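Engineer: Dropping in query_27.txt, with compact mmCIF, C-alpha atoms.
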```txt
# COMPACT_ATOMS: atom_id res chain seq x y z
CA MET A 956 131.27 108.92 75.03
CA ALA A 957 132.38 105.71 73.33
CA SER A 958 129.89 103.21 74.75
CA THR A 959 126.43 102.85 73.28
CA THR A 960 123.28 101.59 74.92
CA SER A 961 123.64 98.17 73.32
CA GLU A 962 127.11 97.79 74.87
CA ARG A 963 125.79 98.78 78.31
CA ARG A 964 122.77 96.50 78.19
CA GLY A 965 123.02 93.59 80.62
CA LYS A 966 124.97 95.48 83.28
CA ASN A 967 123.65 96.70 86.59
CA ASP A 968 124.61 99.93 88.39
CA ARG A 969 127.89 98.45 89.66
CA GLY A 970 128.90 97.34 86.16
CA ASP A 971 128.50 93.60 86.88
CA SER A 972 127.20 91.59 83.97
CA GLN A 973 123.79 89.98 84.34
CA GLU A 974 123.90 87.97 81.12
CA ARG A 975 123.89 84.68 83.06
CA TYR A 976 120.24 85.31 83.97
CA GLU A 977 119.33 85.62 80.31
CA GLY A 978 120.15 81.98 79.58
CA GLU A 979 118.68 80.54 82.76
CA LEU A 980 115.44 82.49 83.13
CA SER A 981 112.62 82.48 80.60
CA GLU A 982 110.15 85.32 80.41
CA HIS A 983 106.48 85.25 79.47
CA ILE A 984 104.70 88.50 78.69
CA VAL A 985 101.24 88.03 80.20
CA LYS A 986 99.64 91.36 79.39
CA ILE A 987 100.53 94.71 77.84
CA LYS A 988 98.08 97.50 78.63
CA ARG A 989 97.84 100.80 76.78
CA CYS A 990 96.64 103.90 78.61
CA ALA A 991 95.74 107.17 76.86
CA ALA A 992 95.86 110.58 78.52
CA VAL A 993 94.10 113.31 76.55
CA VAL A 994 96.21 116.45 76.41
CA LYS A 995 96.01 119.71 74.47
CA GLY A 996 97.78 118.32 71.41
CA GLY A 997 95.94 114.99 71.27
CA ARG A 998 96.41 111.70 73.09
CA ARG A 999 99.54 110.72 74.99
CA PHE A 1000 99.93 106.97 75.30
CA SER A 1001 101.71 105.06 78.05
CA PHE A 1002 102.12 101.33 78.51
CA ALA A 1003 102.14 98.83 81.36
CA ALA A 1004 103.42 95.25 81.12
CA MET A 1005 102.97 92.16 83.29
CA VAL A 1006 105.83 89.67 82.89
CA VAL A 1007 106.39 86.26 84.51
CA VAL A 1008 109.97 84.97 84.73
CA GLY A 1009 111.15 81.53 85.81
CA ASP A 1010 113.93 79.01 85.47
CA GLY A 1011 111.70 75.99 84.78
CA LYS A 1012 113.07 74.23 87.88
CA GLY A 1013 110.87 75.63 90.65
CA LYS A 1014 111.81 79.31 90.76
CA VAL A 1015 109.30 81.82 89.44
CA GLY A 1016 108.54 85.52 89.87
CA TRP A 1017 106.37 88.25 88.40
CA GLY A 1018 106.90 91.91 87.65
CA TYR A 1019 104.83 94.89 86.58
CA GLY A 1020 106.44 97.80 84.75
CA LYS A 1021 105.19 101.08 83.31
CA ALA A 1022 106.80 103.34 80.71
CA ASN A 1023 105.99 105.53 77.70
CA GLU A 1024 107.14 102.82 75.26
CA VAL A 1025 106.60 99.06 75.20
CA PRO A 1026 110.24 97.77 75.34
CA PRO A 1027 111.20 99.79 78.45
CA CYS A 1028 108.08 98.73 80.34
CA VAL A 1029 108.72 95.05 79.50
CA GLU A 1030 112.34 95.44 80.64
CA LYS A 1031 111.25 97.07 83.92
CA ALA A 1032 108.74 94.27 84.54
CA ARG A 1033 111.36 91.59 83.76
CA LYS A 1034 113.84 93.13 86.22
CA GLU A 1035 111.17 93.34 88.93
CA GLY A 1036 110.27 89.70 88.24
CA MET A 1037 113.90 88.65 88.65
CA ARG A 1038 114.00 90.42 92.03
CA SER A 1039 110.78 88.75 93.23
CA LEU A 1040 111.66 85.10 92.54
CA VAL A 1041 110.06 82.56 94.89
CA THR A 1042 110.70 78.82 95.16
CA VAL A 1043 107.85 76.46 94.34
CA THR A 1044 107.78 72.90 95.69
CA LEU A 1045 107.37 70.45 92.81
CA ASP A 1046 106.58 66.75 92.88
CA GLY A 1047 108.25 65.55 89.69
CA SER A 1048 106.52 67.38 86.84
CA THR A 1049 103.42 68.31 88.85
CA ILE A 1050 102.45 69.70 92.25
CA SER A 1051 102.08 67.59 95.36
CA HIS A 1052 98.52 68.46 96.41
CA VAL A 1053 95.46 70.59 95.60
CA VAL A 1054 95.79 74.30 96.43
CA GLU A 1055 93.57 77.34 96.07
CA GLY A 1056 94.66 80.93 95.63
CA ARG A 1057 92.73 84.17 95.78
CA TYR A 1058 93.58 87.71 94.86
CA GLY A 1059 90.79 90.27 94.70
CA ALA A 1060 87.94 88.74 92.72
CA ALA A 1061 90.19 86.11 91.08
CA HIS A 1062 90.03 82.58 92.46
CA VAL A 1063 92.30 79.81 91.12
CA ILE A 1064 92.34 76.08 91.95
CA LEU A 1065 95.43 74.03 91.04
CA LEU A 1066 95.18 70.22 90.95
CA PRO A 1067 98.01 67.70 90.43
CA ALA A 1068 97.77 65.69 87.21
CA SER A 1069 99.23 62.41 86.03
CA ALA A 1070 102.28 62.36 83.79
CA GLY A 1071 101.53 63.33 80.21
CA ALA A 1072 98.42 65.36 80.99
CA GLY A 1073 100.06 68.67 80.11
CA VAL A 1074 99.25 72.12 81.40
CA ILE A 1075 95.46 72.53 81.32
CA ALA A 1076 95.13 76.24 82.09
CA GLY A 1077 94.24 79.63 80.69
CA SER A 1078 96.95 81.90 79.34
CA ALA A 1079 97.79 83.78 82.55
CA VAL A 1080 97.91 80.70 84.80
CA ARG A 1081 99.70 78.73 82.05
CA ALA A 1082 102.49 81.34 81.90
CA VAL A 1083 103.14 80.99 85.65
CA CYS A 1084 103.04 77.17 85.58
CA GLU A 1085 105.35 76.88 82.57
CA ALA A 1086 107.82 79.39 84.01
CA ALA A 1087 107.88 77.42 87.29
CA GLY A 1088 108.58 74.14 85.48
CA ILE A 1089 105.21 72.48 86.08
CA HIS A 1090 104.47 70.26 83.07
CA ASP A 1091 101.36 68.36 84.28
CA ILE A 1092 98.62 70.28 86.08
CA LEU A 1093 94.88 70.87 85.98
CA THR A 1094 93.59 74.35 86.82
CA LYS A 1095 90.29 76.14 87.10
CA SER A 1096 89.76 79.86 87.57
CA PHE A 1097 86.64 81.50 88.95
CA GLY A 1098 85.54 85.10 89.29
CA SER A 1099 87.64 87.74 87.58
CA ASN A 1100 89.40 86.92 84.32
CA ASN A 1101 91.81 89.85 84.68
CA PRO A 1102 95.28 88.41 83.79
CA VAL A 1103 97.07 90.50 86.44
CA SER A 1104 94.74 89.26 89.21
CA LEU A 1105 94.96 85.66 87.93
CA VAL A 1106 98.78 85.73 88.05
CA LYS A 1107 98.73 87.05 91.62
CA ALA A 1108 96.12 84.43 92.65
CA THR A 1109 98.24 81.68 91.08
CA PHE A 1110 101.28 82.86 93.06
CA ALA A 1111 99.17 82.86 96.24
CA ALA A 1112 98.23 79.24 95.50
CA LEU A 1113 101.78 78.11 94.65
CA GLN A 1114 103.13 79.56 97.89
CA GLN A 1115 100.78 77.25 99.84
CA LEU A 1116 102.49 74.13 98.45
CA ARG A 1117 104.34 72.02 101.01
CA PRO A 1118 106.64 69.05 100.35
CA LYS A 1119 105.48 65.65 101.55
CA ALA A 1120 108.27 65.44 104.14
CA ASP A 1121 107.11 68.67 105.80
CA VAL A 1122 103.50 67.48 105.95
CA GLU A 1123 104.57 64.15 107.46
CA ARG A 1124 106.67 65.94 110.07
CA LEU A 1125 103.94 68.43 110.99
CA ARG A 1126 101.17 65.81 111.21
CA GLN A 1127 103.50 63.17 112.69
CA VAL A 1128 102.19 60.51 110.29
CA ASN A 1129 103.58 58.49 107.41
CA LEU A 1130 101.95 59.38 104.05
CA SER A 1131 103.79 56.86 101.86
```
Take the structure in the file and write it out as structure tokens.
Structural biologist:
Amino acid sequence: MASTTSERRGKNDRGDSQERYEGELSEHIVKIKRCAAVVKGGRRFSFAAMVVVGDGKGKVGWGYGKANEVPPCVEKARKEGMRSLVTVTLDGSTISHVVEGRYGAAHVILLPASAGAGVIAGSAVRAVCEAAGIHDILTKSFGSNNPVSLVKATFAALQQLRPKADVERLRQVNLS
């Protein structure tokens, strides 16, 4: 067996290289959880990771992976995030209108901001916004401060965004 794991890294089951995703997509580790199971010989630890991936141009996804070590669970979460990419409608460096997202007890409000305002958000919501390529946004979260729930609530809010042309067409008005 001549090939090592480092040589095989970056290839999928068919042998195609996936290195092109490495340069395009950025990853943000939102949360790493440690779980302990008490067994006869002591404690057995396992890990779970929440990762947000995005290209910074309107595509963003999240993944959740579990494993007995930290690097494999981060890798599993990153791969799941790459499979779950969604497109977010951006208006320059911000969003086009106010949106609210809920997931469980987490409630997130996203507001458009003027140029130069920056990303005003907590760490979980900030990771999603930066991965999506949003550079100017105001956010407020209510209820749960669980990072996993906040990421899912932020995705629920971002999927409600509509471009101005779609809103004009649906309402049959001119918004300019």
Engineer: Which residues come within 10 Å of stretch 1004-1014 of chain A, counting only C-alpha atoms, excluding same-chain residues fewer than 4 positions away, as a tab-separated table (two decimals) with C-alpha atoms, keeping the file's coordinate frame?
Structural biologist:
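Output saved as result_30.tsv:
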```tsv
chain	number	residue	atom	x	y	z
A	976	TYR	CA	120.24	85.31	83.97
A	977	GLU	CA	119.33	85.62	80.31
A	978	GLY	CA	120.15	81.98	79.58
A	979	GLU	CA	118.68	80.54	82.76
A	980	LEU	CA	115.44	82.49	83.13
A	981	SER	CA	112.62	82.48	80.60
A	982	GLU	CA	110.15	85.32	80.41
A	983	HIS	CA	106.48	85.25	79.47
A	984	ILE	CA	104.70	88.50	78.69
A	985	VAL	CA	101.24	88.03	80.20
A	986	LYS	CA	99.64	91.36	79.39
A	987	ILE	CA	100.53	94.71	77.84
A	988	LYS	CA	98.08	97.50	78.63
A	989	ARG	CA	97.84	100.80	76.78
A	1018	GLY	CA	106.90	91.91	87.65
A	1019	TYR	CA	104.83	94.89	86.58
A	1020	GLY	CA	106.44	97.80	84.75
A	1021	LYS	CA	105.19	101.08	83.31
A	1022	ALA	CA	106.80	103.34	80.71
A	1025	VAL	CA	106.60	99.06	75.20
A	1026	PRO	CA	110.24	97.77	75.34
A	1027	PRO	CA	111.20	99.79	78.45
A	1028	CYS	CA	108.08	98.73	80.34
A	1029	VAL	CA	108.72	95.05	79.50
A	1030	GLU	CA	112.34	95.44	80.64
A	1031	LYS	CA	111.25	97.07	83.92
A	1032	ALA	CA	108.74	94.27	84.54
A	1033	ARG	CA	111.36	91.59	83.76
A	1034	LYS	CA	113.84	93.13	86.22
A	1035	GLU	CA	111.17	93.34	88.93
A	1036	GLY	CA	110.27	89.70	88.24
A	1037	MET	CA	113.90	88.65	88.65
A	1038	ARG	CA	114.00	90.42	92.03
A	1039	SER	CA	110.78	88.75	93.23
A	1040	LEU	CA	111.66	85.10	92.54
A	1041	VAL	CA	110.06	82.56	94.89
A	1042	THR	CA	110.70	78.82	95.16
A	1043	VAL	CA	107.85	76.46	94.34
A	1044	THR	CA	107.78	72.90	95.69
A	1045	LEU	CA	107.37	70.45	92.81
A	1048	SER	CA	106.52	67.38	86.84
A	1079	ALA	CA	97.79	83.78	82.55
A	1082	ALA	CA	102.49	81.34	81.90
A	1083	VAL	CA	103.14	80.99	85.65
A	1084	CYS	CA	103.04	77.17	85.58
A	1085	GLU	CA	105.35	76.88	82.57
A	1086	ALA	CA	107.82	79.39	84.01
A	1087	ALA	CA	107.88	77.42	87.29
A	1088	GLY	CA	108.58	74.14	85.48
A	1089	ILE	CA	105.21	72.48	86.08
A	1090	HIS	CA	104.47	70.26	83.07
A	1102	PRO	CA	95.28	88.41	83.79
A	1103	VAL	CA	97.07	90.50	86.44
A	1106	VAL	CA	98.78	85.73	88.05
```
Engineer: Could you check how far atom CA of A:Val1063 sits from atom CA of A:Arg1081, in Å to one decimal?
Structural biologist: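 Computing it gives 11.8 Å between the two atoms.
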Engineer: Record the distance separating atom CA of A:Thr1094 and atom CA of A:Asp1121, expressed in Å with one decimal.
Structural biologist: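 Computed distance, atom CA of A:Thr1094 to atom CA of A:Asp1121, equals 24.0 Å.
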Engineer: In Å to one decimal, how far is atom CA of A:Leu1105 from atom CA of A:Ala992?
Structural biologist: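 Going from atom CA of A:Ala992 over to atom CA of A:Leu1105 covers 26.7 Å.
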Engineer: May I have the residues within 6 Å of A:Val1054 as JSON, numbers by chain, using all atoms listed in the file and disregarding those fewer than 3 positions away in the same chain?
Structural biologist: {"A": [1064, 1065, 1112]}
Engineer: Which is closer to A:Trp1017 than all the others in A:Thr1109, A:Ser1051, A:Gln1115, A:Asn1129, using all atoms listed in the file?
Structural biologist: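 Among the listed residues, A:Thr1109 lies closest to A:Trp1017.
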Engineer: Can you tell me which residues surround A:Gly1073 at a distance of at most 10 Å, considering only C-alpha atoms, apart from same-chain residues fewer than 2 positions away, and format the answer as a PyMOL selection string?
Structural biologist: chain A and resi 1048-1049+1068-1071+1075-1076+1089-1093
Engineer: For the selection you just gave me, I'd like the residues written to a file as a CSV table (one decimal), in the frame of the given file, keeping C-alpha atoms.
Structural biologist:
```
chain,number,residue,atom,x,y,z
A,1048,SER,CA,106.5,67.4,86.8
A,1049,THR,CA,103.4,68.3,88.8
A,1068,ALA,CA,97.8,65.7,87.2
A,1069,SER,CA,99.2,62.4,86.0
A,1070,ALA,CA,102.3,62.4,83.8
A,1071,GLY,CA,101.5,63.3,80.2
A,1075,ILE,CA,95.5,72.5,81.3
A,1076,ALA,CA,95.1,76.2,82.1
A,1089,ILE,CA,105.2,72.5,86.1
A,1090,HIS,CA,104.5,70.3,83.1
A,1091,ASP,CA,101.4,68.4,84.3
A,1092,ILE,CA,98.6,70.3,86.1
A,1093,LEU,CA,94.9,70.9,86.0
```
Engineer: Show me, as a short mmCIF file (atom, residue, chain, number, x, y, z; two decimals) with C-alpha atoms, in the frame of the given file, the residues that have an atom within 6 Å of A:Arg1057 when counting all atoms listed in the file, minus same-chain residues fewer than 3 positions from it.
Structural biologist:
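Once everything was written out, this is around_12.cif:
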```cif
data_model
loop_
_atom_site.label_atom_id
_atom_site.label_comp_id
_atom_site.auth_asym_id
_atom_site.auth_seq_id
_atom_site.Cartn_x
_atom_site.Cartn_y
_atom_site.Cartn_z
CA ALA A 1061 90.19 86.11 91.08
CA HIS A 1062 90.03 82.58 92.46
CA ALA A 1108 96.12 84.43 92.65
#
```
